[in-house]
$ cat upload.pdb   # PDB, C-alpha atoms
ATOM      1  CA  MET A   1      26.773  36.942   0.358
ATOM      2  CA  SER A   2      25.557  37.534  -3.147
ATOM      3  CA  VAL A   3      24.524  40.992  -4.239
ATOM      4  CA  ILE A   4      20.770  41.538  -4.571
ATOM      5  CA  THR A   5      19.666  43.060  -7.862
ATOM      6  CA  PRO A   6      16.149  43.873  -9.164
ATOM      7  CA  GLU A   7      16.747  41.660 -12.203
ATOM      8  CA  ALA A   8      16.894  38.610  -9.929
ATOM      9  CA  PHE A   9      13.165  38.960  -9.230
ATOM     10  CA  ASP A  10      10.094  38.777 -11.477
ATOM     11  CA  SER A  11       8.441  41.551  -9.501
ATOM     12  CA  ARG A  12      10.266  44.864  -9.918
ATOM     13  CA  SER A  13       9.658  48.534  -9.350
ATOM     14  CA  PHE A  14       8.489  50.418 -12.432
ATOM     15  CA  ILE A  15      11.584  52.608 -12.182
ATOM     16  CA  TYR A  16      14.213  50.090 -11.098
ATOM     17  CA  ARG A  17      16.474  51.076 -14.003
ATOM     18  CA  GLN A  18      16.680  54.613 -12.597
ATOM     19  CA  HIS A  19      18.160  53.474  -9.291
ATOM     20  CA  GLN A  20      21.862  53.991  -9.970
ATOM     21  CA  GLN A  21      24.471  53.114  -7.340
ATOM     22  CA  ALA A  22      21.747  51.584  -5.197
ATOM     23  CA  GLU A  23      22.068  48.863  -2.601
ATOM     24  CA  PHE A  24      19.050  46.584  -2.473
ATOM     25  CA  THR A  25      17.437  44.395   0.119
ATOM     26  CA  GLU A  26      14.854  41.694  -0.513
ATOM     27  CA  VAL A  27      11.324  42.691   0.500
ATOM     28  CA  ALA A  28       8.151  40.797  -0.403
ATOM     29  CA  GLY A  29       9.734  38.921  -3.304
ATOM     30  CA  ALA A  30      11.346  41.957  -4.891
ATOM     31  CA  ALA A  31      14.380  44.202  -4.542
ATOM     32  CA  GLN A  32      13.864  47.350  -2.489
ATOM     33  CA  VAL A  33      16.457  50.140  -2.417
ATOM     34  CA  SER A  34      17.862  50.280   1.108
ATOM     35  CA  SER A  35      20.423  53.012   0.435
ATOM     36  CA  TYR A  36      22.542  54.613  -2.280
ATOM     37  CA  LYS A  37      26.303  54.162  -2.332
ATOM     38  CA  GLY A  38      28.570  57.068  -1.643
ATOM     39  CA  GLN A  39      25.770  59.479  -0.860
ATOM     40  CA  SER A  40      26.206  62.112   1.779
ATOM     41  CA  HIS A  41      23.241  63.263   3.806
ATOM     42  CA  SER A  42      20.850  65.460   1.846
ATOM     43  CA  ALA A  43      18.153  67.711   3.271
ATOM     44  CA  MET A  44      15.350  66.043   1.326
ATOM     45  CA  GLY A  45      14.917  62.505   0.110
ATOM     46  CA  LEU A  46      12.729  60.735  -2.430
ATOM     47  CA  THR A  47      12.254  57.013  -1.849
ATOM     48  CA  ASP A  48      10.712  54.506  -4.233
ATOM     49  CA  LEU A  49       8.579  52.033  -2.260
ATOM     50  CA  SER A  50       6.672  50.653  -5.247
ATOM     51  CA  VAL A  51       7.511  47.026  -4.489
ATOM     52  CA  LEU A  52       6.138  47.072  -0.941
ATOM     53  CA  PRO A  53       2.920  45.098  -0.374
ATOM     54  CA  ARG A  54      -0.477  46.786  -0.551
ATOM     55  CA  PHE A  55      -3.997  46.064  -1.713
ATOM     56  CA  GLY A  56      -7.297  47.854  -1.958
ATOM     57  CA  LEU A  57     -10.984  47.239  -1.522
ATOM     58  CA  ARG A  58     -14.096  49.221  -2.213
ATOM     59  CA  GLY A  59     -17.853  48.915  -1.970
ATOM     60  CA  PRO A  60     -20.672  49.666   0.464
ATOM     61  CA  ALA A  61     -19.529  46.989   2.964
ATOM     62  CA  ALA A  62     -15.796  47.787   2.835
ATOM     63  CA  GLY A  63     -15.735  50.183   5.800
ATOM     64  CA  GLU A  64     -17.631  47.842   8.109
ATOM     65  CA  ALA A  65     -15.323  44.973   7.133
ATOM     66  CA  LEU A  66     -12.259  47.008   8.126
ATOM     67  CA  ILE A  67     -13.752  47.763  11.536
ATOM     68  CA  ALA A  68     -14.704  44.096  12.004
ATOM     69  CA  ALA A  69     -11.120  43.098  11.182
ATOM     70  CA  GLY A  70      -9.880  45.372  13.965
ATOM     71  CA  LEU A  71      -8.155  47.854  11.684
ATOM     72  CA  LEU A  72      -7.987  51.584  12.328
ATOM     73  CA  HIS A  73     -10.796  52.976  10.216
ATOM     74  CA  PRO A  74     -10.279  56.510   8.807
ATOM     75  CA  GLU A  75     -13.510  58.238   9.770
ATOM     76  CA  GLN A  76     -13.483  60.990   7.163
ATOM     77  CA  PRO A  77     -13.252  60.513   3.394
ATOM     78  CA  ASN A  78      -9.801  61.500   2.094
ATOM     79  CA  SER A  79      -7.974  60.700   5.308
ATOM     80  CA  LEU A  80      -5.674  57.964   6.570
ATOM     81  CA  THR A  81      -4.631  56.083   9.694
ATOM     82  CA  VAL A  82      -1.334  54.456  10.636
ATOM     83  CA  ALA A  83      -1.398  51.667  13.236
ATOM     84  CA  ASP A  84       1.480  50.802  15.600
ATOM     85  CA  ASP A  85       2.183  47.592  13.672
ATOM     86  CA  GLY A  86       2.905  49.618  10.504
ATOM     87  CA  VAL A  87      -0.351  49.086   8.619
ATOM     88  CA  MET A  88      -1.506  52.254   6.891
ATOM     89  CA  VAL A  89      -5.132  52.547   5.782
ATOM     90  CA  LEU A  90      -6.035  55.164   3.175
ATOM     91  CA  ARG A  91      -9.649  56.139   2.645
ATOM     92  CA  LEU A  92     -10.030  57.446  -0.905
ATOM     93  CA  GLY A  93     -13.413  59.074  -1.308
ATOM     94  CA  TYR A  94     -16.330  57.484   0.511
ATOM     95  CA  ASN A  95     -16.058  53.757  -0.133
ATOM     96  CA  GLU A  96     -12.536  52.925  -1.278
ATOM     97  CA  TYR A  97      -9.700  51.831   1.004
ATOM     98  CA  TRP A  98      -6.056  50.959   0.402
ATOM     99  CA  LEU A  99      -4.065  48.968   2.952
ATOM    100  CA  LEU A 100      -0.291  49.285   2.936
ATOM    101  CA  ALA A 101       2.617  47.954   4.929
ATOM    102  CA  LEU A 102       5.143  50.638   5.856
ATOM    103  CA  PRO A 103       8.865  49.830   5.453
ATOM    104  CA  GLY A 104      10.048  47.539   8.218
ATOM    105  CA  ALA A 105       6.529  46.469   9.219
ATOM    106  CA  GLU A 106       6.124  42.755   9.768
ATOM    107  CA  VAL A 107       2.506  42.240   8.832
ATOM    108  CA  ASP A 108       0.905  39.596   6.657
ATOM    109  CA  LEU A 109      -1.168  41.677   4.254
ATOM    110  CA  THR A 110      -1.984  38.601   2.165
ATOM    111  CA  ALA A 111      -3.800  37.014   5.096
ATOM    112  CA  LEU A 112      -5.620  40.283   5.712
ATOM    113  CA  GLU A 113      -6.661  40.425   2.069
ATOM    114  CA  GLN A 114      -8.157  36.927   2.333
ATOM    115  CA  GLN A 115     -10.066  38.028   5.400
ATOM    116  CA  LEU A 116     -11.550  41.142   3.810
ATOM    117  CA  ILE A 117     -13.825  39.550   1.252
ATOM    118  CA  GLY A 118     -17.591  39.208   1.149
ATOM    119  CA  PRO A 119     -20.739  40.663  -0.360
ATOM    120  CA  GLY A 120     -20.512  44.392  -1.032
ATOM    121  CA  ILE A 121     -16.702  44.336  -1.162
ATOM    122  CA  TYR A 122     -14.796  44.513  -4.419
ATOM    123  CA  PRO A 123     -11.020  44.226  -4.831
ATOM    124  CA  VAL A 124      -8.970  47.215  -5.970
ATOM    125  CA  TYR A 125      -5.605  46.450  -7.522
ATOM    126  CA  CYS A 126      -3.283  49.228  -6.476
ATOM    127  CA  HIS A 127       0.016  47.330  -6.316
ATOM    128  CA  ASP A 128       0.969  46.667  -9.920
ATOM    129  CA  SER A 129      -0.785  49.719 -11.302
ATOM    130  CA  PHE A 130       0.472  52.425  -8.951
ATOM    131  CA  ALA A 131       3.930  53.623  -8.015
ATOM    132  CA  TRP A 132       4.557  54.568  -4.375
ATOM    133  CA  MET A 133       7.088  57.341  -3.751
ATOM    134  CA  VAL A 134       7.840  58.902  -0.395
ATOM    135  CA  MET A 135       9.209  62.411  -0.047
ATOM    136  CA  SER A 136      10.896  63.285   3.225
ATOM    137  CA  GLY A 137      12.594  66.427   4.519
ATOM    138  CA  ASP A 138      11.798  69.891   5.781
ATOM    139  CA  HIS A 139      10.436  71.503   2.610
ATOM    140  CA  LEU A 140       7.656  69.108   1.574
ATOM    141  CA  ALA A 141       5.034  71.799   0.994
ATOM    142  CA  ASP A 142       7.535  74.097  -0.727
ATOM    143  CA  VAL A 143       8.476  71.393  -3.234
ATOM    144  CA  LEU A 144       4.909  70.336  -3.912
ATOM    145  CA  ALA A 145       3.870  73.982  -4.369
ATOM    146  CA  LYS A 146       5.987  73.966  -7.522
ATOM    147  CA  VAL A 147       4.095  71.095  -9.131
ATOM    148  CA  CYS A 148       0.662  71.027  -7.481
ATOM    149  CA  ALA A 149      -2.124  73.638  -7.252
ATOM    150  CA  VAL A 150      -3.547  72.417  -3.926
ATOM    151  CA  ASP A 151      -2.295  74.161  -0.760
ATOM    152  CA  LEU A 152      -0.317  71.453   1.064
ATOM    153  CA  SER A 153       1.093  73.671   3.806
ATOM    154  CA  GLU A 154       0.905  72.376   7.365
ATOM    155  CA  ALA A 155      -2.047  74.660   8.228
ATOM    156  CA  CYS A 156      -4.262  73.207   5.490
ATOM    157  CA  PHE A 157      -2.863  69.702   5.031
ATOM    158  CA  LYS A 158      -2.271  68.032   8.365
ATOM    159  CA  SER A 159      -0.777  64.657   9.153
ATOM    160  CA  GLY A 160      -3.531  62.135   8.433
ATOM    161  CA  ASP A 161      -4.930  64.024   5.444
ATOM    162  CA  LEU A 162      -4.766  62.940   1.838
ATOM    163  CA  VAL A 163      -5.663  64.649  -1.410
ATOM    164  CA  MET A 164      -6.377  63.255  -4.842
ATOM    165  CA  THR A 165      -5.256  65.820  -7.370
ATOM    166  CA  SER A 166      -2.861  66.344 -10.232
ATOM    167  CA  LEU A 167       0.816  66.951  -9.579
ATOM    168  CA  ALA A 168       3.326  67.727 -12.297
ATOM    169  CA  ARG A 169       0.314  67.310 -14.623
ATOM    170  CA  VAL A 170      -0.368  63.681 -13.792
ATOM    171  CA  SER A 171      -3.090  62.403 -11.476
ATOM    172  CA  GLY A 172      -1.934  61.240  -8.092
ATOM    173  CA  VAL A 173      -2.739  60.743  -4.428
ATOM    174  CA  ILE A 174      -0.697  62.710  -1.885
ATOM    175  CA  CYS A 175      -0.779  61.528   1.738
ATOM    176  CA  HIS A 176       0.657  63.342   4.755
ATOM    177  CA  HIS A 177       1.802  60.980   7.508
ATOM    178  CA  GLN A 178       4.845  60.056   9.560
ATOM    179  CA  MET A 179       7.568  57.457   9.210
ATOM    180  CA  ALA A 180      10.322  57.034  11.784
ATOM    181  CA  ASP A 181       9.047  60.206  13.542
ATOM    182  CA  LYS A 182       9.546  62.224  10.359
ATOM    183  CA  HIS A 183       6.790  63.994   8.447
ATOM    184  CA  VAL A 184       6.605  62.584   4.930
ATOM    185  CA  PHE A 185       4.405  62.804   1.854
ATOM    186  CA  SER A 186       3.520  59.499   0.254
ATOM    187  CA  ILE A 187       2.711  59.951  -3.415
ATOM    188  CA  PHE A 188       0.838  57.369  -5.480
ATOM    189  CA  SER A 189       0.630  57.720  -9.212
ATOM    190  CA  ASP A 190      -0.121  55.569 -12.207
ATOM    191  CA  SER A 191       2.707  53.163 -12.983
ATOM    192  CA  ALA A 192       2.800  54.359 -16.607
ATOM    193  CA  SER A 193       3.923  57.830 -15.524
ATOM    194  CA  ALA A 194       6.160  56.678 -12.653
ATOM    195  CA  SER A 195       9.412  57.230 -14.502
ATOM    196  CA  TYR A 196       8.443  60.749 -15.542
ATOM    197  CA  LEU A 197       7.133  61.669 -12.082
ATOM    198  CA  TRP A 198      10.271  60.380 -10.347
ATOM    199  CA  ASP A 199      12.426  62.684 -12.488
ATOM    200  CA  ALA A 200       9.972  65.592 -12.200
ATOM    201  CA  LEU A 201       9.890  65.398  -8.392
ATOM    202  CA  LEU A 202      13.679  65.118  -8.130
ATOM    203  CA  ASP A 203      13.964  68.132 -10.398
ATOM    204  CA  ALA A 204      11.556  70.096  -8.181
ATOM    205  CA  MET A 205      13.511  69.024  -5.077
ATOM    206  CA  GLY A 206      16.809  70.152  -6.579
ATOM    207  CA  GLU A 207      16.786  73.653  -5.110
ATOM    208  CA  PHE A 208      16.124  72.217  -1.626
ATOM    209  CA  ASP A 209      19.068  69.809  -1.728
ATOM    210  CA  GLY A 210      16.957  66.800  -2.684
ATOM    211  CA  ALA A 211      18.251  63.405  -3.757
ATOM    212  CA  PRO A 212      17.051  59.794  -4.050
ATOM    213  CA  ALA A 213      17.087  57.981  -0.706
ATOM    214  CA  GLY A 214      16.761  54.339   0.335
ATOM    215  CA  GLN A 215      14.148  52.966   2.683
ATOM    216  CA  ASN A 216      16.646  52.888   5.574
ATOM    217  CA  ILE A 217      16.000  56.548   6.328
ATOM    218  CA  LEU A 218      12.310  55.717   6.841
ATOM    219  CA  ILE A 219      12.866  52.937   9.364
ATOM    220  CA  LYS A 220      13.500  53.614  13.032
TER     221      LYS A 220
ATOM    222  CA  MET B   1      -7.718  78.835 -14.449
ATOM    223  CA  LYS B   2     -11.353  78.221 -13.659
ATOM    224  CA  ILE B   3     -12.146  76.594 -10.348
ATOM    225  CA  ILE B   4     -14.786  73.891  -9.951
ATOM    226  CA  ASN B   5     -15.992  72.961  -6.491
ATOM    227  CA  CYS B   6     -15.962  69.168  -6.238
ATOM    228  CA  PRO B   7     -18.410  67.930  -3.568
ATOM    229  CA  LEU B   8     -15.846  65.354  -2.404
ATOM    230  CA  ASN B   9     -12.456  66.974  -2.954
ATOM    231  CA  GLY B  10     -13.207  70.683  -2.672
ATOM    232  CA  PRO B  11     -12.232  73.499  -5.054
ATOM    233  CA  ARG B  12      -9.898  72.321  -7.822
ATOM    234  CA  ASN B  13      -8.597  73.529 -11.159
ATOM    235  CA  SER B  14     -11.030  72.804 -13.972
ATOM    236  CA  SER B  15      -8.241  70.894 -15.772
ATOM    237  CA  GLU B  16      -8.789  68.067 -13.266
ATOM    238  CA  PHE B  17     -12.369  67.561 -14.455
ATOM    239  CA  VAL B  18     -14.001  65.823 -17.402
ATOM    240  CA  HIS B  19     -17.455  66.670 -18.726
ATOM    241  CA  GLY B  20     -19.858  63.716 -18.789
ATOM    242  CA  GLY B  21     -22.951  65.028 -20.565
ATOM    243  CA  GLU B  22     -26.375  66.085 -19.398
ATOM    244  CA  VAL B  23     -28.224  64.300 -16.622
ATOM    245  CA  ARG B  24     -31.358  62.973 -18.272
ATOM    246  CA  GLN B  25     -34.195  60.635 -17.498
ATOM    247  CA  MET B  26     -33.440  57.289 -19.151
ATOM    248  CA  PRO B  27     -36.342  55.847 -21.154
ATOM    249  CA  ASP B  28     -37.241  52.221 -20.437
ATOM    250  CA  PRO B  29     -34.770  50.400 -22.716
ATOM    251  CA  ASN B  30     -37.152  47.467 -23.216
ATOM    252  CA  ASN B  31     -40.187  49.469 -24.245
ATOM    253  CA  CYS B  32     -38.988  52.672 -25.876
ATOM    254  CA  THR B  33     -38.584  53.137 -29.612
ATOM    255  CA  ASP B  34     -35.166  53.209 -31.228
ATOM    256  CA  LYS B  35     -35.684  56.905 -31.904
ATOM    257  CA  GLU B  36     -36.313  57.594 -28.224
ATOM    258  CA  TRP B  37     -33.233  55.600 -27.279
ATOM    259  CA  ALA B  38     -31.059  57.331 -29.895
ATOM    260  CA  ASP B  39     -32.344  60.678 -28.684
ATOM    261  CA  TYR B  40     -31.341  59.747 -25.125
ATOM    262  CA  VAL B  41     -27.898  58.432 -26.069
ATOM    263  CA  PHE B  42     -26.760  60.800 -28.817
ATOM    264  CA  TYR B  43     -28.610  64.114 -28.680
ATOM    265  CA  SER B  44     -28.470  66.962 -26.227
ATOM    266  CA  ASP B  45     -30.828  69.902 -25.919
ATOM    267  CA  ASN B  46     -28.157  72.550 -26.451
ATOM    268  CA  GLN B  47     -30.322  75.376 -25.102
ATOM    269  CA  ILE B  48     -29.157  78.547 -23.399
ATOM    270  CA  GLY B  49     -29.947  78.238 -19.730
ATOM    271  CA  VAL B  50     -29.122  76.202 -16.664
ATOM    272  CA  VAL B  51     -28.260  72.583 -17.454
ATOM    273  CA  THR B  52     -27.709  69.696 -15.064
ATOM    274  CA  GLU B  53     -24.605  67.778 -16.039
ATOM    275  CA  TRP B  54     -22.393  64.868 -15.040
ATOM    276  CA  TRP B  55     -18.803  65.815 -14.230
ATOM    277  CA  LEU B  56     -15.893  63.554 -13.322
ATOM    278  CA  HIS B  57     -13.061  64.543 -11.009
ATOM    279  CA  ALA B  58     -10.470  62.541 -12.924
ATOM    280  CA  ALA B  59      -7.832  62.410 -10.186
ATOM    281  CA  SER B  60     -10.180  60.600  -7.806
ATOM    282  CA  GLY B  61     -12.528  58.906 -10.294
ATOM    283  CA  TYR B  62     -15.463  60.619  -8.601
ATOM    284  CA  TRP B  63     -18.638  61.427 -10.577
ATOM    285  CA  PHE B  64     -20.890  64.228  -9.389
ATOM    286  CA  ILE B  65     -23.604  66.506 -10.713
ATOM    287  CA  ALA B  66     -23.220  70.189 -11.514
ATOM    288  CA  GLU B  67     -25.740  72.837 -12.477
ATOM    289  CA  ARG B  68     -24.165  75.131 -15.035
ATOM    290  CA  HIS B  69     -25.431  78.083 -17.049
ATOM    291  CA  THR B  70     -24.508  77.476 -20.681
ATOM    292  CA  ALA B  71     -24.213  81.191 -21.540
ATOM    293  CA  SER B  72     -22.155  82.485 -18.626
ATOM    294  CA  ASP B  73     -20.438  79.093 -18.020
ATOM    295  CA  GLU B  74     -20.946  79.757 -14.320
ATOM    296  CA  ILE B  75     -21.317  76.664 -12.174
ATOM    297  CA  LEU B  76     -24.185  77.366  -9.810
ATOM    298  CA  ARG B  77     -24.169  74.229  -7.678
ATOM    299  CA  THR B  78     -22.409  70.873  -7.416
ATOM    300  CA  TYR B  79     -23.630  67.876  -5.458
ATOM    301  CA  ASP B  80     -23.241  64.144  -4.929
ATOM    302  CA  PRO B  81     -25.348  61.960  -7.290
ATOM    303  CA  SER B  82     -26.963  60.288  -4.266
ATOM    304  CA  GLU B  83     -29.258  63.351  -4.103
ATOM    305  CA  ILE B  84     -30.938  62.083  -7.276
ATOM    306  CA  TYR B  85     -29.984  58.434  -7.582
ATOM    307  CA  THR B  86     -30.805  56.534  -4.434
ATOM    308  CA  SER B  87     -30.587  52.941  -5.664
ATOM    309  CA  ARG B  88     -28.641  50.904  -8.180
ATOM    310  CA  PHE B  89     -30.338  50.416 -11.549
ATOM    311  CA  GLU B  90     -30.406  46.833 -12.781
ATOM    312  CA  PHE B  91     -30.909  46.235 -16.497
ATOM    313  CA  SER B  92     -33.235  43.310 -17.176
ATOM    314  CA  GLU B  93     -32.730  41.268 -20.313
ATOM    315  CA  LYS B  94     -35.153  41.959 -23.119
ATOM    316  CA  ALA B  95     -37.795  39.223 -23.257
ATOM    317  CA  ALA B  96     -37.805  38.552 -26.985
ATOM    318  CA  SER B  97     -35.538  40.036 -29.587
ATOM    319  CA  GLY B  98     -37.324  40.772 -32.838
ATOM    320  CA  LEU B  99     -36.718  42.900 -35.842
ATOM    321  CA  PRO B 100     -35.841  46.555 -35.359
ATOM    322  CA  GLU B 101     -38.945  48.550 -34.613
ATOM    323  CA  GLU B 102     -38.042  51.336 -36.972
ATOM    324  CA  MET B 103     -35.058  52.658 -38.800
ATOM    325  CA  THR B 104     -33.434  55.819 -37.562
ATOM    326  CA  VAL B 105     -31.665  57.932 -40.126
TER     327      VAL B 105
END

$ encode --input "upload.pdb" --output "structure tokens"
Amino acid sequence: MSVITPEAFDSRSFIYRQHQQAEFTEVAGAAQVSSYKGQSHSAMGLTDLSVLPRFGLRGPAAGEALIAAGLLHPEQPNSLTVADDGVMVLRLGYNEYWLLALPGAEVDLTALEQQLIGPGIYPVYCHDSFAWMVMSGDHLADVLAKVCAVDLSEACFKSGDLVMTSLARVSGVICHHQMADKHVFSIFSDSASASYLWDALLDAMGEFDGAPAGQNILIK
Amino acid sequence: MKIINCPLNGPRNSSEFVHGGEVRQMPDPNNCTDKEWADYVFYSDNQIGVVTEWWLHAASGYWFIAERHTASDEILRTYDPSEIYTSRFEFSEKAASGLPEEMTV
């Protein structure tokens, strides 16, 4: 079996050069880090899921279209839903939605994207312009408190909530949800600042025994 | 750090916001004079008192309206633009383009 490398694919994560000692697996026509070699278990992990499929839509008819397609519709602005098949729907503001496939989910988002078109719906390109990082571990709020002014403690920021704010001085979306029965924060930020944010978050996680982690820890 | 209360996202640091200028009544672009249009686009009243302004929450790309006192810098109220703007404005093409009506200096 040949070794999978990011360079073998045209589509790559914005920070693929920063994944040292990584073992990759092919996901959606790109190389996704599955694990890091020689790494012992660390209390907190940061996983780069930027290559995983996702798309967005917005407009006055977007919400109705999601319901008609049988997707779990987040009822409140700035909230999210996760379906059993691994499709996560983020509702950003009133009329914008992002649909994402969680690691290990076998869903055809391309077919769904074709289905969700029509008058009053406009596409939002959130795949090639945004990095997707997932922070896992027991000190999520403690780490984010170092880089973000919004209170993200469990009492104020429950699973299913999302906030759009600035973290480590760059704009981003922080989502609280669960993967493989673990509470995680998904963080979306502009691709141009992905490299900086990856290092900044790892630096903030340092005191809580944080390290890069592959997607295997997020799959049941 | 000053706090601004975003109608969508809640109280946030003012560093997350961008000022977008005063909310003003737009003159009819097809029938107003160039001076009226220039006044609308380029000039602000700059008076001491309560002004109604556009503000952008940059992290979410959300525009809203705030009432702010220009002397105390206190933000008195923030609200969604749908309170004022209830329908989309469509610009119609000008029927005939002629010479400029007047020169503005």

$ interface_residues --input "upload.pdb" --of "chain B" --to "chain A" --cutoff "8 Å" --atoms "only C-alpha atoms" --output "VMD selection string"
chain B and resid 8 to 9 12 to 13 16 58 to 60 62

$ resolve_selection --input "upload.pdb" --expression "the PyMOL selection byres ((chain A and resi 206) around 12)" --output "list in words"
Ser42, Ala43, Met44, Gly45, Leu46, His139, Asp142, Val143, Lys146, Asp199, Ala200, Leu201, Leu202, Asp203, Ala204, Met205, Glu207, Phe208, Asp209, Gly210, Ala211 and Pro212 of chain A

$ resolve_selection --input "upload.pdb" --expression "the PyMOL selection byres ((chain A and resi 21) around 6)" --output "VMD selection string"
chain A and resid 20 22 36 to 37

$ resolve_selection --input "upload.pdb" --expression "the PyMOL selection byres ((chain A and resi 183) around 9)" --output "PyMOL selection string"
chain A and resi 135-138+140+159+176-182+184-185

$ write_last_selection --input "upload.pdb" --atoms "C-alpha atoms" --output "compact mmCIF listing (two decimals), in the coordinates of the input"
# COMPACT_ATOMS: atom_id res chain seq x y z
CA MET A 135 9.21 62.41 -0.05
CA SER A 136 10.90 63.28 3.22
CA GLY A 137 12.59 66.43 4.52
CA ASP A 138 11.80 69.89 5.78
CA LEU A 140 7.66 69.11 1.57
CA SER A 159 -0.78 64.66 9.15
CA HIS A 176 0.66 63.34 4.76
CA HIS A 177 1.80 60.98 7.51
CA GLN A 178 4.84 60.06 9.56
CA MET A 179 7.57 57.46 9.21
CA ALA A 180 10.32 57.03 11.78
CA ASP A 181 9.05 60.21 13.54
CA LYS A 182 9.55 62.22 10.36
CA VAL A 184 6.60 62.58 4.93
CA PHE A 185 4.40 62.80 1.85

$ axis_aligned_box --input "upload.pdb" --around "stretch 154-167 of chain A" --padding-each-side "8 Å" --output "AutoDock Vina command-line options"
--center_x -2.7 --center_y 68.4 --center_z -0.5 --size_x 23.3 --size_y 28.5 --size_z 35.4

$ atom_distance --input "upload.pdb" --atom1 "atom CA of A:Leu99" --atom2 "atom CA of A:Thr25"
22.2 Å

$ residues_near_point --input "upload.pdb" --point "(-29.7, 75.5, -24.7)" --cutoff "12 Å" --atoms "all atoms listed in the file" --output "ChimeraX atom specification"
/B:22,44-52,68-73

$ atom_distance --input "upload.pdb" --atom1 "atom CA of A:Gln32" --atom2 "atom CA of A:Leu197"
18.5 Å

$ residues_around --input "upload.pdb" --residues "A:Val51" --least-positions-apart "3" --cutoff "12 Å" --atoms "all atoms listed in the file" --output "ChimeraX atom specification"
/A:6,9-16,24-33,47-48,54-55,100-103,126-133,191,215

$ closest_residue --input "upload.pdb" --among "B:Ile84, B:Ala38, B:Ile75, B:Ile65" --to "B:Glu53" --atoms "only C-alpha atoms"
B:Ile65

$ atom_distance --input "upload.pdb" --atom1 "atom CA of A:Cys156" --atom2 "atom CA of A:Asn95"
23.4 Å

$ residues_around --input "upload.pdb" --residues "stretch 39-42 of chain B" --least-positions-apart "4" --cutoff "12 Å" --atoms "all atoms listed in the file" --output "PDB file with C-alpha atoms, in the frame of the given file"
ATOM      1  CA  GLY B  21     -22.951  65.028 -20.565  1.00  0.00           C
ATOM      2  CA  GLU B  22     -26.375  66.085 -19.398  1.00  0.00           C
ATOM      3  CA  VAL B  23     -28.224  64.300 -16.622  1.00  0.00           C
ATOM      4  CA  ARG B  24     -31.358  62.973 -18.272  1.00  0.00           C
ATOM      5  CA  GLN B  25     -34.195  60.635 -17.498  1.00  0.00           C
ATOM      6  CA  MET B  26     -33.440  57.289 -19.151  1.00  0.00           C
ATOM      7  CA  PRO B  27     -36.342  55.847 -21.154  1.00  0.00           C
ATOM      8  CA  ASP B  28     -37.241  52.221 -20.437  1.00  0.00           C
ATOM      9  CA  PRO B  29     -34.770  50.400 -22.716  1.00  0.00           C
ATOM     10  CA  CYS B  32     -38.988  52.672 -25.876  1.00  0.00           C
ATOM     11  CA  THR B  33     -38.584  53.137 -29.612  1.00  0.00           C
ATOM     12  CA  ASP B  34     -35.166  53.209 -31.228  1.00  0.00           C
ATOM     13  CA  LYS B  35     -35.684  56.905 -31.904  1.00  0.00           C
ATOM     14  CA  THR B 104     -33.434  55.819 -37.562  1.00  0.00           C
ATOM     15  CA  VAL B 105     -31.665  57.932 -40.126  1.00  0.00           C
TER      16      VAL B 105
END

$ closest_residue --input "upload.pdb" --among "B:His57, B:Asn5, B:Asn31, B:Leu76" --to "B:Glu93" --atoms "only C-alpha atoms"
B:Asn31

$ residues_around --input "upload.pdb" --residues "stretch 104-108 of chain A" --least-positions-apart "3" --cutoff "10 Å" --atoms "all atoms listed in the file" --output "PDB file with C-alpha atoms, keeping the file's coordinate frame"
ATOM      1  CA  VAL A  27      11.324  42.691   0.500  1.00  0.00           C
ATOM      2  CA  LEU A  52       6.138  47.072  -0.941  1.00  0.00           C
ATOM      3  CA  PRO A  53       2.920  45.098  -0.374  1.00  0.00           C
ATOM      4  CA  ASP A  84       1.480  50.802  15.600  1.00  0.00           C
ATOM      5  CA  ASP A  85       2.183  47.592  13.672  1.00  0.00           C
ATOM      6  CA  GLY A  86       2.905  49.618  10.504  1.00  0.00           C
ATOM      7  CA  VAL A  87      -0.351  49.086   8.619  1.00  0.00           C
ATOM      8  CA  LEU A 100      -0.291  49.285   2.936  1.00  0.00           C
ATOM      9  CA  ALA A 101       2.617  47.954   4.929  1.00  0.00           C
ATOM     10  CA  ALA A 111      -3.800  37.014   5.096  1.00  0.00           C
ATOM     11  CA  LEU A 112      -5.620  40.283   5.712  1.00  0.00           C
ATOM     12  CA  GLU A 113      -6.661  40.425   2.069  1.00  0.00           C
ATOM     13  CA  GLN A 215      14.148  52.966   2.683  1.00  0.00           C
ATOM     14  CA  ASN A 216      16.646  52.888   5.574  1.00  0.00           C
ATOM     15  CA  LEU A 218      12.310  55.717   6.841  1.00  0.00           C
ATOM     16  CA  ILE A 219      12.866  52.937   9.364  1.00  0.00           C
ATOM     17  CA  LYS A 220      13.500  53.614  13.032  1.00  0.00           C
TER      18      LYS A 220
END

$ residues_around --input "upload.pdb" --residues "A:Pro119" --least-positions-apart "6" --cutoff "10 Å" --atoms "all atoms listed in the file" --output "list in words"
Gly59, Pro60, Ala61 and Ala62 of chain A

$ closest_residue --input "upload.pdb" --among "A:His73, A:His19, A:Arg58, A:Lys158" --to "A:Pro123" --atoms "all atoms listed in the file"
A:Arg58

$ decode --input "upload.pdb" --residues "stretch 79-89 of chain B" --atoms "C-alpha atoms" --output "short mmCIF file (atom, residue, chain, number, x, y, z; two decimals), in the first residue's frame"
data_model
loop_
_atom_site.label_atom_id
_atom_site.label_comp_id
_atom_site.auth_asym_id
_atom_site.auth_seq_id
_atom_site.Cartn_x
_atom_site.Cartn_y
_atom_site.Cartn_z
CA TYR B 79 -31.94 47.30 16.53
CA ASP B 80 -32.34 45.21 13.40
CA PRO B 81 -32.65 47.24 10.15
CA SER B 82 -35.97 45.51 9.41
CA GLU B 83 -37.54 48.03 11.83
CA ILE B 84 -36.93 50.72 9.20
CA TYR B 85 -36.35 48.88 5.94
CA THR B 86 -39.16 46.49 5.20
CA SER B 87 -38.55 45.76 1.52
CA ARG B 88 -35.66 45.46 -0.88
CA PHE B 89 -34.86 48.60 -2.88
#
